[in-house]
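Pasted below: data12.cif, mmCIF, C-alpha atoms; chains and numbers go by the auth columns.
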data_final
#
loop_
_atom_site.group_PDB
_atom_site.id
_atom_site.type_symbol
_atom_site.label_atom_id
_atom_site.label_comp_id
_atom_site.label_asym_id
_atom_site.label_seq_id
_atom_site.Cartn_x
_atom_site.Cartn_y
_atom_site.Cartn_z
_atom_site.B_iso_or_equiv
_atom_site.auth_seq_id
_atom_site.auth_asym_id
ATOM 1 C CA MET A 1 6.106 -4.399 19.631 0.00 1 A
ATOM 2 C CA ASN A 2 2.533 -4.784 20.892 0.00 2 A
ATOM 3 C CA LYS A 3 -0.135 -6.267 18.654 0.00 3 A
ATOM 4 C CA TYR A 4 -1.857 -2.936 17.982 0.00 4 A
ATOM 5 C CA VAL A 5 1.248 -1.140 16.722 0.00 5 A
ATOM 6 C CA GLU A 6 2.230 -4.272 14.818 0.00 6 A
ATOM 7 C CA ARG A 7 -0.954 -4.104 12.711 0.00 7 A
ATOM 8 C CA ILE A 8 -0.079 -0.591 11.527 0.00 8 A
ATOM 9 C CA TYR A 9 3.598 -1.397 10.966 0.00 9 A
ATOM 10 C CA ASN A 10 2.614 -4.522 9.056 0.00 10 A
ATOM 11 C CA GLY A 11 0.606 -2.568 6.481 0.00 11 A
ATOM 12 C CA VAL A 12 3.069 0.285 6.086 0.00 12 A
ATOM 13 C CA ALA A 13 6.314 -1.678 5.808 0.00 13 A
ATOM 14 C CA LYS A 14 6.271 -5.425 6.333 0.00 14 A
ATOM 15 C CA GLU A 15 3.351 -6.194 3.987 0.00 15 A
ATOM 16 C CA ASN A 16 2.925 -2.968 2.056 0.00 16 A
ATOM 17 C CA PRO A 17 0.054 -3.708 -0.356 0.00 17 A
ATOM 18 C CA THR A 18 1.744 -2.009 -3.327 0.00 18 A
ATOM 19 C CA PHE A 19 5.476 -2.579 -2.930 0.00 19 A
ATOM 20 C CA ILE A 20 5.414 -5.978 -1.192 0.00 20 A
ATOM 21 C CA LEU A 21 2.118 -7.708 -2.006 0.00 21 A
ATOM 22 C CA MET A 22 1.684 -6.002 -5.422 0.00 22 A
ATOM 23 C CA LEU A 23 -2.067 -5.516 -4.926 0.00 23 A
ATOM 24 C CA GLY A 24 -4.291 -2.745 -6.283 0.00 24 A
ATOM 25 C CA MET A 25 -2.182 -2.257 -9.403 0.00 25 A
ATOM 26 C CA CYS A 26 -5.048 -0.776 -11.438 0.00 26 A
ATOM 27 C CA PRO A 27 -5.422 2.487 -9.432 0.00 27 A
ATOM 28 C CA THR A 28 -1.699 2.477 -8.654 0.00 28 A
ATOM 29 C CA LEU A 29 -0.777 2.755 -12.316 0.00 29 A
ATOM 30 C CA ALA A 30 -3.776 4.782 -13.510 0.00 30 A
ATOM 31 C CA VAL A 31 -4.236 7.674 -11.067 0.00 31 A
ATOM 32 C CA THR A 32 -0.672 8.424 -9.944 0.00 32 A
ATOM 33 C CA THR A 33 -0.020 11.117 -12.554 0.00 33 A
ATOM 34 C CA SER A 34 0.473 13.496 -9.620 0.00 34 A
ATOM 35 C CA ALA A 35 1.200 13.227 -5.913 0.00 35 A
ATOM 36 C CA PHE A 36 -2.127 14.912 -5.081 0.00 36 A
ATOM 37 C CA ASN A 37 -4.119 12.345 -7.071 0.00 37 A
ATOM 38 C CA GLY A 38 -2.174 9.478 -5.496 0.00 38 A
ATOM 39 C CA LEU A 39 -2.708 10.815 -1.992 0.00 39 A
ATOM 40 C CA GLY A 40 -6.415 11.352 -2.660 0.00 40 A
ATOM 41 C CA MET A 41 -6.933 7.816 -3.928 0.00 41 A
ATOM 42 C CA GLY A 42 -4.881 6.355 -1.084 0.00 42 A
ATOM 43 C CA LEU A 43 -6.782 8.183 1.650 0.00 43 A
ATOM 44 C CA SER A 44 -10.145 7.375 0.045 0.00 44 A
ATOM 45 C CA THR A 45 -9.213 3.704 -0.005 0.00 45 A
ATOM 46 C CA MET A 46 -8.002 3.891 3.605 0.00 46 A
ATOM 47 C CA VAL A 47 -11.334 5.299 4.805 0.00 47 A
ATOM 48 C CA VAL A 48 -13.193 2.454 3.095 0.00 48 A
ATOM 49 C CA LEU A 49 -10.668 -0.101 4.401 0.00 49 A
ATOM 50 C CA VAL A 50 -10.974 0.972 8.032 0.00 50 A
ATOM 51 C CA ALA A 51 -14.774 1.191 7.987 0.00 51 A
ATOM 52 C CA SER A 52 -15.274 -2.082 6.088 0.00 52 A
ATOM 53 C CA ASN A 53 -12.830 -3.983 8.299 0.00 53 A
ATOM 54 C CA LEU A 54 -14.572 -2.660 11.395 0.00 54 A
ATOM 55 C CA LEU A 55 -18.089 -3.520 10.185 0.00 55 A
ATOM 56 C CA ILE A 56 -17.177 -6.929 8.811 0.00 56 A
ATOM 57 C CA SER A 57 -15.361 -7.827 12.022 0.00 57 A
ATOM 58 C CA MET A 58 -18.406 -6.818 14.082 0.00 58 A
ATOM 59 C CA LEU A 59 -20.682 -8.878 11.827 0.00 59 A
ATOM 60 C CA ARG A 60 -18.337 -11.846 11.375 0.00 60 A
ATOM 61 C CA LYS A 61 -20.407 -14.141 13.630 0.00 61 A
ATOM 62 C CA ILE A 62 -23.677 -13.141 11.958 0.00 62 A
ATOM 63 C CA ILE A 63 -22.786 -13.366 8.257 0.00 63 A
ATOM 64 C CA PRO A 64 -23.218 -16.988 6.995 0.00 64 A
ATOM 65 C CA ASP A 65 -20.146 -18.490 5.340 0.00 65 A
ATOM 66 C CA LYS A 66 -22.008 -19.262 2.118 0.00 66 A
ATOM 67 C CA VAL A 67 -22.827 -15.615 1.425 0.00 67 A
ATOM 68 C CA ARG A 68 -19.855 -13.910 3.038 0.00 68 A
ATOM 69 C CA ILE A 69 -18.319 -12.553 -0.218 0.00 69 A
ATOM 70 C CA PRO A 70 -21.592 -10.970 -1.464 0.00 70 A
ATOM 71 C CA ALA A 71 -22.111 -9.558 2.035 0.00 71 A
ATOM 72 C CA TYR A 72 -18.615 -8.049 2.022 0.00 72 A
ATOM 73 C CA ILE A 73 -19.261 -6.463 -1.382 0.00 73 A
ATOM 74 C CA VAL A 74 -22.530 -4.920 -0.163 0.00 74 A
ATOM 75 C CA VAL A 75 -20.762 -3.393 2.858 0.00 75 A
ATOM 76 C CA VAL A 76 -17.855 -2.094 0.750 0.00 76 A
ATOM 77 C CA ALA A 77 -20.136 -0.751 -2.014 0.00 77 A
ATOM 78 C CA THR A 78 -22.191 1.202 0.518 0.00 78 A
ATOM 79 C CA LEU A 79 -19.083 2.777 2.038 0.00 79 A
ATOM 80 C CA VAL A 80 -17.608 3.600 -1.376 0.00 80 A
ATOM 81 C CA THR A 81 -20.835 5.333 -2.392 0.00 81 A
ATOM 82 C CA VAL A 82 -20.679 7.511 0.734 0.00 82 A
ATOM 83 C CA VAL A 83 -17.005 8.359 0.128 0.00 83 A
ATOM 84 C CA GLU A 84 -17.677 9.149 -3.536 0.00 84 A
ATOM 85 C CA MET A 85 -20.506 11.540 -2.639 0.00 85 A
ATOM 86 C CA LEU A 86 -18.349 13.303 -0.045 0.00 86 A
ATOM 87 C CA ILE A 87 -15.449 13.749 -2.465 0.00 87 A
ATOM 88 C CA LYS A 88 -17.780 15.022 -5.179 0.00 88 A
ATOM 89 C CA ALA A 89 -19.310 17.550 -2.778 0.00 89 A
ATOM 90 C CA PHE A 90 -16.182 18.822 -1.006 0.00 90 A
ATOM 91 C CA ILE A 91 -13.214 18.117 -3.350 0.00 91 A
ATOM 92 C CA PRO A 92 -14.618 18.335 -6.886 0.00 92 A
ATOM 93 C CA SER A 93 -11.167 18.734 -8.469 0.00 93 A
ATOM 94 C CA LEU A 94 -10.067 15.407 -6.981 0.00 94 A
ATOM 95 C CA TYR A 95 -13.344 13.801 -8.040 0.00 95 A
ATOM 96 C CA ASP A 96 -12.787 14.956 -11.636 0.00 96 A
ATOM 97 C CA ALA A 97 -9.192 13.653 -11.600 0.00 97 A
ATOM 98 C CA LEU A 98 -10.005 10.212 -10.166 0.00 98 A
ATOM 99 C CA GLY A 99 -13.271 9.751 -12.047 0.00 99 A
ATOM 100 C CA LEU A 100 -14.213 6.102 -12.565 0.00 100 A
ATOM 101 C CA TYR A 101 -11.543 4.829 -10.191 0.00 101 A
ATOM 102 C CA ILE A 102 -13.481 5.906 -7.097 0.00 102 A
ATOM 103 C CA PRO A 103 -16.400 3.474 -7.730 0.00 103 A
ATOM 104 C CA LEU A 104 -13.829 0.796 -8.634 0.00 104 A
ATOM 105 C CA ILE A 105 -12.639 0.830 -5.011 0.00 105 A
ATOM 106 C CA VAL A 106 -15.524 -1.617 -4.484 0.00 106 A
ATOM 107 C CA VAL A 107 -13.585 -4.387 -6.245 0.00 107 A
ATOM 108 C CA ASN A 108 -10.151 -3.356 -5.010 0.00 108 A
ATOM 109 C CA CYS A 109 -8.441 -6.613 -4.066 0.00 109 A
ATOM 110 C CA ILE A 110 -6.802 -4.990 -1.028 0.00 110 A
ATOM 111 C CA ILE A 111 -10.187 -4.312 0.598 0.00 111 A
ATOM 112 C CA LEU A 112 -11.775 -7.672 -0.169 0.00 112 A
ATOM 113 C CA GLY A 113 -8.523 -9.452 0.665 0.00 113 A
ATOM 114 C CA ARG A 114 -8.243 -7.895 4.130 0.00 114 A
ATOM 115 C CA ALA A 115 -11.931 -8.524 4.785 0.00 115 A
ATOM 116 C CA GLU A 116 -11.566 -12.213 3.954 0.00 116 A
ATOM 117 C CA SER A 117 -8.129 -12.896 5.442 0.00 117 A
ATOM 118 C CA TYR A 118 -8.171 -10.721 8.557 0.00 118 A
ATOM 119 C CA ALA A 119 -11.363 -8.838 9.479 0.00 119 A
ATOM 120 C CA SER A 120 -13.562 -11.938 9.282 0.00 120 A
ATOM 121 C CA LYS A 121 -11.327 -13.743 11.814 0.00 121 A
ATOM 122 C CA ASN A 122 -10.273 -11.034 14.296 0.00 122 A
ATOM 123 C CA PRO A 123 -11.844 -8.562 16.773 0.00 123 A
ATOM 124 C CA PRO A 124 -12.998 -5.091 15.650 0.00 124 A
ATOM 125 C CA VAL A 125 -10.179 -2.960 17.099 0.00 125 A
ATOM 126 C CA LEU A 126 -7.401 -5.035 15.545 0.00 126 A
ATOM 127 C CA SER A 127 -9.311 -5.187 12.262 0.00 127 A
ATOM 128 C CA ALA A 128 -9.706 -1.404 12.185 0.00 128 A
ATOM 129 C CA LEU A 129 -5.991 -0.931 12.891 0.00 129 A
ATOM 130 C CA ASP A 130 -5.188 -3.429 10.150 0.00 130 A
ATOM 131 C CA GLY A 131 -7.200 -1.203 7.807 0.00 131 A
ATOM 132 C CA VAL A 132 -5.297 1.869 9.010 0.00 132 A
ATOM 133 C CA GLY A 133 -1.951 0.169 8.378 0.00 133 A
ATOM 134 C CA MET A 134 -2.860 -1.145 4.943 0.00 134 A
ATOM 135 C CA GLY A 135 -4.460 2.170 3.993 0.00 135 A
ATOM 136 C CA LEU A 136 -1.419 4.161 5.105 0.00 136 A
ATOM 137 C CA GLY A 137 0.882 1.814 3.218 0.00 137 A
ATOM 138 C CA PHE A 138 -1.242 2.173 0.085 0.00 138 A
ATOM 139 C CA SER A 139 -1.405 5.975 0.457 0.00 139 A
ATOM 140 C CA ILE A 140 2.355 6.301 0.942 0.00 140 A
ATOM 141 C CA ALA A 141 3.040 4.108 -2.083 0.00 141 A
ATOM 142 C CA LEU A 142 0.666 5.994 -4.393 0.00 142 A
ATOM 143 C CA THR A 143 1.913 9.378 -3.183 0.00 143 A
ATOM 144 C CA CYS A 144 5.554 8.389 -3.775 0.00 144 A
ATOM 145 C CA ILE A 145 4.854 7.089 -7.271 0.00 145 A
ATOM 146 C CA GLY A 146 2.764 10.166 -8.111 0.00 146 A
ATOM 147 C CA PHE A 147 5.436 12.487 -6.719 0.00 147 A
ATOM 148 C CA PHE A 148 8.205 11.101 -8.937 0.00 148 A
ATOM 149 C CA ARG A 149 5.992 10.871 -12.031 0.00 149 A
ATOM 150 C CA GLU A 150 4.847 14.470 -11.597 0.00 150 A
ATOM 151 C CA LEU A 151 8.334 15.760 -10.788 0.00 151 A
ATOM 152 C CA ILE A 152 10.046 14.114 -13.755 0.00 152 A
ATOM 153 C CA GLY A 153 7.162 14.191 -16.222 0.00 153 A
ATOM 154 C CA GLU A 154 5.809 17.703 -15.635 0.00 154 A
ATOM 155 C CA GLY A 155 8.476 19.479 -13.591 0.00 155 A
ATOM 156 C CA THR A 156 6.034 20.320 -10.795 0.00 156 A
ATOM 157 C CA ILE A 157 5.483 19.266 -7.189 0.00 157 A
ATOM 158 C CA LEU A 158 1.962 18.927 -5.729 0.00 158 A
ATOM 159 C CA SER A 159 0.405 20.962 -8.536 0.00 159 A
ATOM 160 C CA GLY A 160 -3.000 22.400 -7.667 0.00 160 A
ATOM 161 C CA THR A 161 -2.254 22.658 -3.927 0.00 161 A
ATOM 162 C CA PRO A 162 -0.988 25.550 -1.744 0.00 162 A
ATOM 163 C CA LEU A 163 2.385 23.744 -1.575 0.00 163 A
ATOM 164 C CA ALA A 164 2.776 23.691 -5.363 0.00 164 A
ATOM 165 C CA MET A 165 6.277 24.266 -6.744 0.00 165 A
ATOM 166 C CA SER A 166 7.812 24.237 -10.211 0.00 166 A
ATOM 167 C CA LEU A 167 11.304 23.321 -11.340 0.00 167 A
ATOM 168 C CA PRO A 168 13.397 26.001 -13.119 0.00 168 A
ATOM 169 C CA GLU A 169 12.529 26.810 -16.722 0.00 169 A
ATOM 170 C CA PHE A 170 15.679 25.174 -18.069 0.00 170 A
ATOM 171 C CA TYR A 171 14.420 21.766 -16.886 0.00 171 A
ATOM 172 C CA GLU A 172 12.917 19.789 -19.745 0.00 172 A
ATOM 173 C CA PRO A 173 10.124 17.460 -18.506 0.00 173 A
ATOM 174 C CA VAL A 174 10.242 13.839 -19.649 0.00 174 A
ATOM 175 C CA THR A 175 6.597 13.494 -20.625 0.00 175 A
ATOM 176 C CA ILE A 176 6.662 9.703 -20.864 0.00 176 A
ATOM 177 C CA PHE A 177 6.590 9.606 -17.063 0.00 177 A
ATOM 178 C CA VAL A 178 3.031 10.962 -16.951 0.00 178 A
ATOM 179 C CA LEU A 179 1.933 8.366 -19.500 0.00 179 A
ATOM 180 C CA ALA A 180 1.217 4.671 -18.888 0.00 180 A
ATOM 181 C CA PRO A 181 4.825 3.462 -19.496 0.00 181 A
ATOM 182 C CA GLY A 182 6.076 5.936 -16.890 0.00 182 A
ATOM 183 C CA ALA A 183 3.901 4.360 -14.208 0.00 183 A
ATOM 184 C CA PHE A 184 5.430 0.934 -14.814 0.00 184 A
ATOM 185 C CA LEU A 185 8.933 2.402 -14.926 0.00 185 A
ATOM 186 C CA VAL A 186 8.637 4.350 -11.665 0.00 186 A
ATOM 187 C CA LEU A 187 7.031 1.387 -9.865 0.00 187 A
ATOM 188 C CA ALA A 188 9.812 -0.904 -11.107 0.00 188 A
ATOM 189 C CA LEU A 189 12.576 1.495 -10.039 0.00 189 A
ATOM 190 C CA ILE A 190 11.120 2.002 -6.548 0.00 190 A
ATOM 191 C CA ASN A 191 10.712 -1.759 -6.108 0.00 191 A
ATOM 192 C CA ALA A 192 14.257 -2.369 -7.332 0.00 192 A
ATOM 193 C CA PHE A 193 15.580 0.168 -4.819 0.00 193 A
ATOM 194 C CA LEU A 194 13.601 -1.370 -1.936 0.00 194 A
ATOM 195 C CA ASN A 195 14.709 -4.874 -2.907 0.00 195 A
ATOM 196 C CA ALA A 196 18.353 -3.790 -3.068 0.00 196 A
ATOM 197 C CA LEU A 197 18.040 -2.100 0.316 0.00 197 A
ATOM 198 C CA HIS A 198 16.475 -5.237 1.803 0.00 198 A
ATOM 199 C CA ILE A 199 19.232 -7.451 0.402 0.00 199 A
ATOM 200 C CA GLN A 200 21.897 -5.084 1.698 0.00 200 A
ATOM 201 C CA ASN A 201 20.355 -5.024 5.174 0.00 201 A
ATOM 202 C CA ASN A 202 20.128 -8.805 5.237 0.00 202 A
ATOM 203 C CA GLY A 203 23.732 -9.060 4.107 0.00 203 A
ATOM 204 C CA LYS A 204 24.862 -6.981 7.070 0.00 204 A
ATOM 205 C CA LYS A 205 23.164 -9.275 9.572 0.00 205 A
ATOM 206 C CA LYS A 206 25.412 -11.802 11.267 0.00 206 A
ATOM 207 C CA VAL A 207 24.507 -15.083 12.815 0.00 207 A
ATOM 208 C CA GLU A 208 24.686 -14.948 16.576 0.00 208 A
ATOM 209 C CA GLY A 209 28.168 -15.952 17.706 0.00 209 A
ATOM 210 C CA CYS A 210 29.699 -15.466 14.256 0.00 210 A
ATOM 211 C CA ASP A 211 32.962 -13.460 14.080 0.00 211 A
ATOM 212 C CA GLY A 212 33.076 -13.486 10.284 0.00 212 A
ATOM 213 C CA ASN A 213 36.035 -15.910 10.111 0.00 213 A
ATOM 214 C CA CYS A 214 34.584 -19.037 8.508 0.00 214 A
ATOM 215 C CA CYS A 215 37.883 -20.969 8.578 0.00 215 A
ATOM 216 C CA SER A 216 38.015 -20.920 12.375 0.00 216 A
ATOM 217 C CA CYS A 217 34.314 -21.485 12.898 0.00 217 A
ATOM 218 C CA SER A 218 33.660 -24.083 15.599 0.00 218 A
ATOM 219 C CA GLY A 219 30.293 -24.822 14.059 0.00 219 A
ATOM 220 C CA LEU A 220 31.957 -25.775 10.789 0.00 220 A
ATOM 221 C CA ALA A 221 34.322 -28.095 12.632 0.00 221 A
ATOM 222 C CA ASP A 222 31.400 -29.769 14.416 0.00 222 A
ATOM 223 C CA CYS A 223 29.603 -30.327 11.111 0.00 223 A
ATOM 224 C CA ALA A 224 32.733 -31.823 9.551 0.00 224 A
ATOM 225 C CA SER A 225 33.241 -34.241 12.464 0.00 225 A
ATOM 226 C CA ARG A 226 29.609 -35.390 12.251 0.00 226 A
ATOM 227 C CA ASP A 227 29.978 -35.999 8.512 0.00 227 A
ATOM 228 C CA GLN A 228 33.082 -38.164 9.090 0.00 228 A
ATOM 229 C CA ASN A 229 31.293 -40.230 11.713 0.00 229 A
#

Could you spell out this file's structure in structure tokens?
Amino acid sequence: MNKYVERIYNGVAKENPTFILMLGMCPTLAVTTSAFNGLGMGLSTMVVLVASNLLISMLRKIIPDKVRIPAYIVVVATLVTVVEMLIKAFIPSLYDALGLYIPLIVVNCIILGRAESYASKNPPVLSALDGVGMGLGFSIALTCIGFFRELIGEGTILSGTPLAMSLPEFYEPVTIFVLAPGAFLVLALINAFLNALHIQNNGKKKVEGCDGNCCSCSGLADCASRDQN
């Protein structure tokens, strides 16, 4: 895997900011009452991530170390303001749904964390791709959580979009899933599933040269002989 593809894969799977690093929990739990809201917040954050990583990487040799955090915040705040104005102008329904959480992207720990740990130390192209990967990972996570909360809690799929669907009338929505406890529950269940899948995959991996028969293992015999000596 080349280094460019690796940056995207890293953010989506290996170091997913929501499911692996557990960052950005405030918008994750607050705005994911529907898949549309989750996707909107995720993509908005991704735009800011890519642009801020790119700018900070280009300015990394100019910004003094002593003021780097305030400088990062100024860059991020400017980009968030632009994104907020665009959403308000072109997608007012999403702006009304996300509300205060759009300006709060400024202090999202994913953005400042990537600026400090990666963009400030690496070239612009890799930094931008790192933003794409982290943003995609964040968007996928929020969309998944919003999808399940909306499906179980309201009995709808992508409500308010041309792809909107509703479950049959006999389905009784479990309204707790669109409330705060439902966000924690869905996040916990998805994480439990991913952890179980990871453990299962690791359990299927064999050590090179291992036939699964521990009693006849030559390596075990070698260890035993060394212990006796």

Skipping near chain neighbours, those fewer than 2 positions away, what residues fall within 9 Å of Val31 (chain A) using all atoms listed in the file, listed as a tab-separated table (two decimals) with C-alpha atoms, in the frame of the given file?
chain	number	residue	atom	x	y	z
A	26	CYS	CA	-5.05	-0.78	-11.44
A	27	PRO	CA	-5.42	2.49	-9.43
A	28	THR	CA	-1.70	2.48	-8.65
A	29	LEU	CA	-0.78	2.76	-12.32
A	33	THR	CA	-0.02	11.12	-12.55
A	34	SER	CA	0.47	13.50	-9.62
A	37	ASN	CA	-4.12	12.34	-7.07
A	38	GLY	CA	-2.17	9.48	-5.50
A	41	MET	CA	-6.93	7.82	-3.93
A	97	ALA	CA	-9.19	13.65	-11.60
A	98	LEU	CA	-10.01	10.21	-10.17
A	101	TYR	CA	-11.54	4.83	-10.19
A	142	LEU	CA	0.67	5.99	-4.39
A	146	GLY	CA	2.76	10.17	-8.11

- Determine the residue set returned by the PyMOL selection byres ((chain A and resi 183) around 9) for the present structure, and present it as a PyMOL selection string. chain A and resi 28-30+32-33+145-146+149+176-182+184-188

- Between A:Thr143, A:Asn108, A:Asn195, A:Asn10, smallest distance to Ile73 (chain A) by all atoms listed in the file belongs to A:Asn108

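Reported to one decimal place, the separation of CA of Thr45 (chain A) from CA of Ala119 (chain A) is 15.9 Å.
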
- Item | From A:Leu43, A:Val5, A:Ile199, A:Ile20, residue lying nearest Ser139 (chain A) [only C-alpha atoms] |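 Selected residue with least distance to Ser139 (chain A): A:Leu43.
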
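Remark: for Leu23 (chain A), the closest of the candidate residues A:Phe170, A:Ser127, A:Leu112, A:Val83 is A:Leu112 (distances computed over all atoms listed in the file).
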
- Taking the file as shown, what set of residues would the PyMOL selection byres ((chain A and resi 48-53) around 8) give back, as a ChimeraX atom specification? /A:44-47,54-57,72,75-76,79-80,83,111,114-115,119,124,127-132,134-135

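Atom pair CA of Phe138 (chain A) / CA of Leu158 (chain A): separated by 18.0 Å.
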
- Task: Quick one: pull the distance between CA of Thr161 (chain A) and CA of Ile190 (chain A), Å, one decimal.
- Result: 24.7 Å

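The shortest atom-to-atom distance to Phe147 (chain A), with all atoms listed in the file taken into account, belongs to A:Phe36 out of A:Val125, A:Leu197, A:Phe36, A:Gly24.
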
- Out of A:Asn16, A:Ser120, A:Ser93, A:Asn2, which residue has the shortest atom-to-atom distance to Met58 (chain A) when counting all atoms listed in the file?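 Closest candidate: A:Ser120.
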
- Which is closest to Ile152 (chain A) among A:Arg7, A:Ala35, A:Pro103, A:Lys14, if we use all atoms listed in the file?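 Of A:Arg7, A:Ala35, A:Pro103, A:Lys14, the one nearest Ile152 (chain A) is A:Ala35, counting all atoms listed in the file.
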
- Task: Can you pull out every residue within 12 Å of Pro168 (chain A), counting all atoms listed in the file, but drop anything in the same chain fewer than 5 positions away, and send it as number ranges by chain?
- Result: A: 151, 154-157, 173
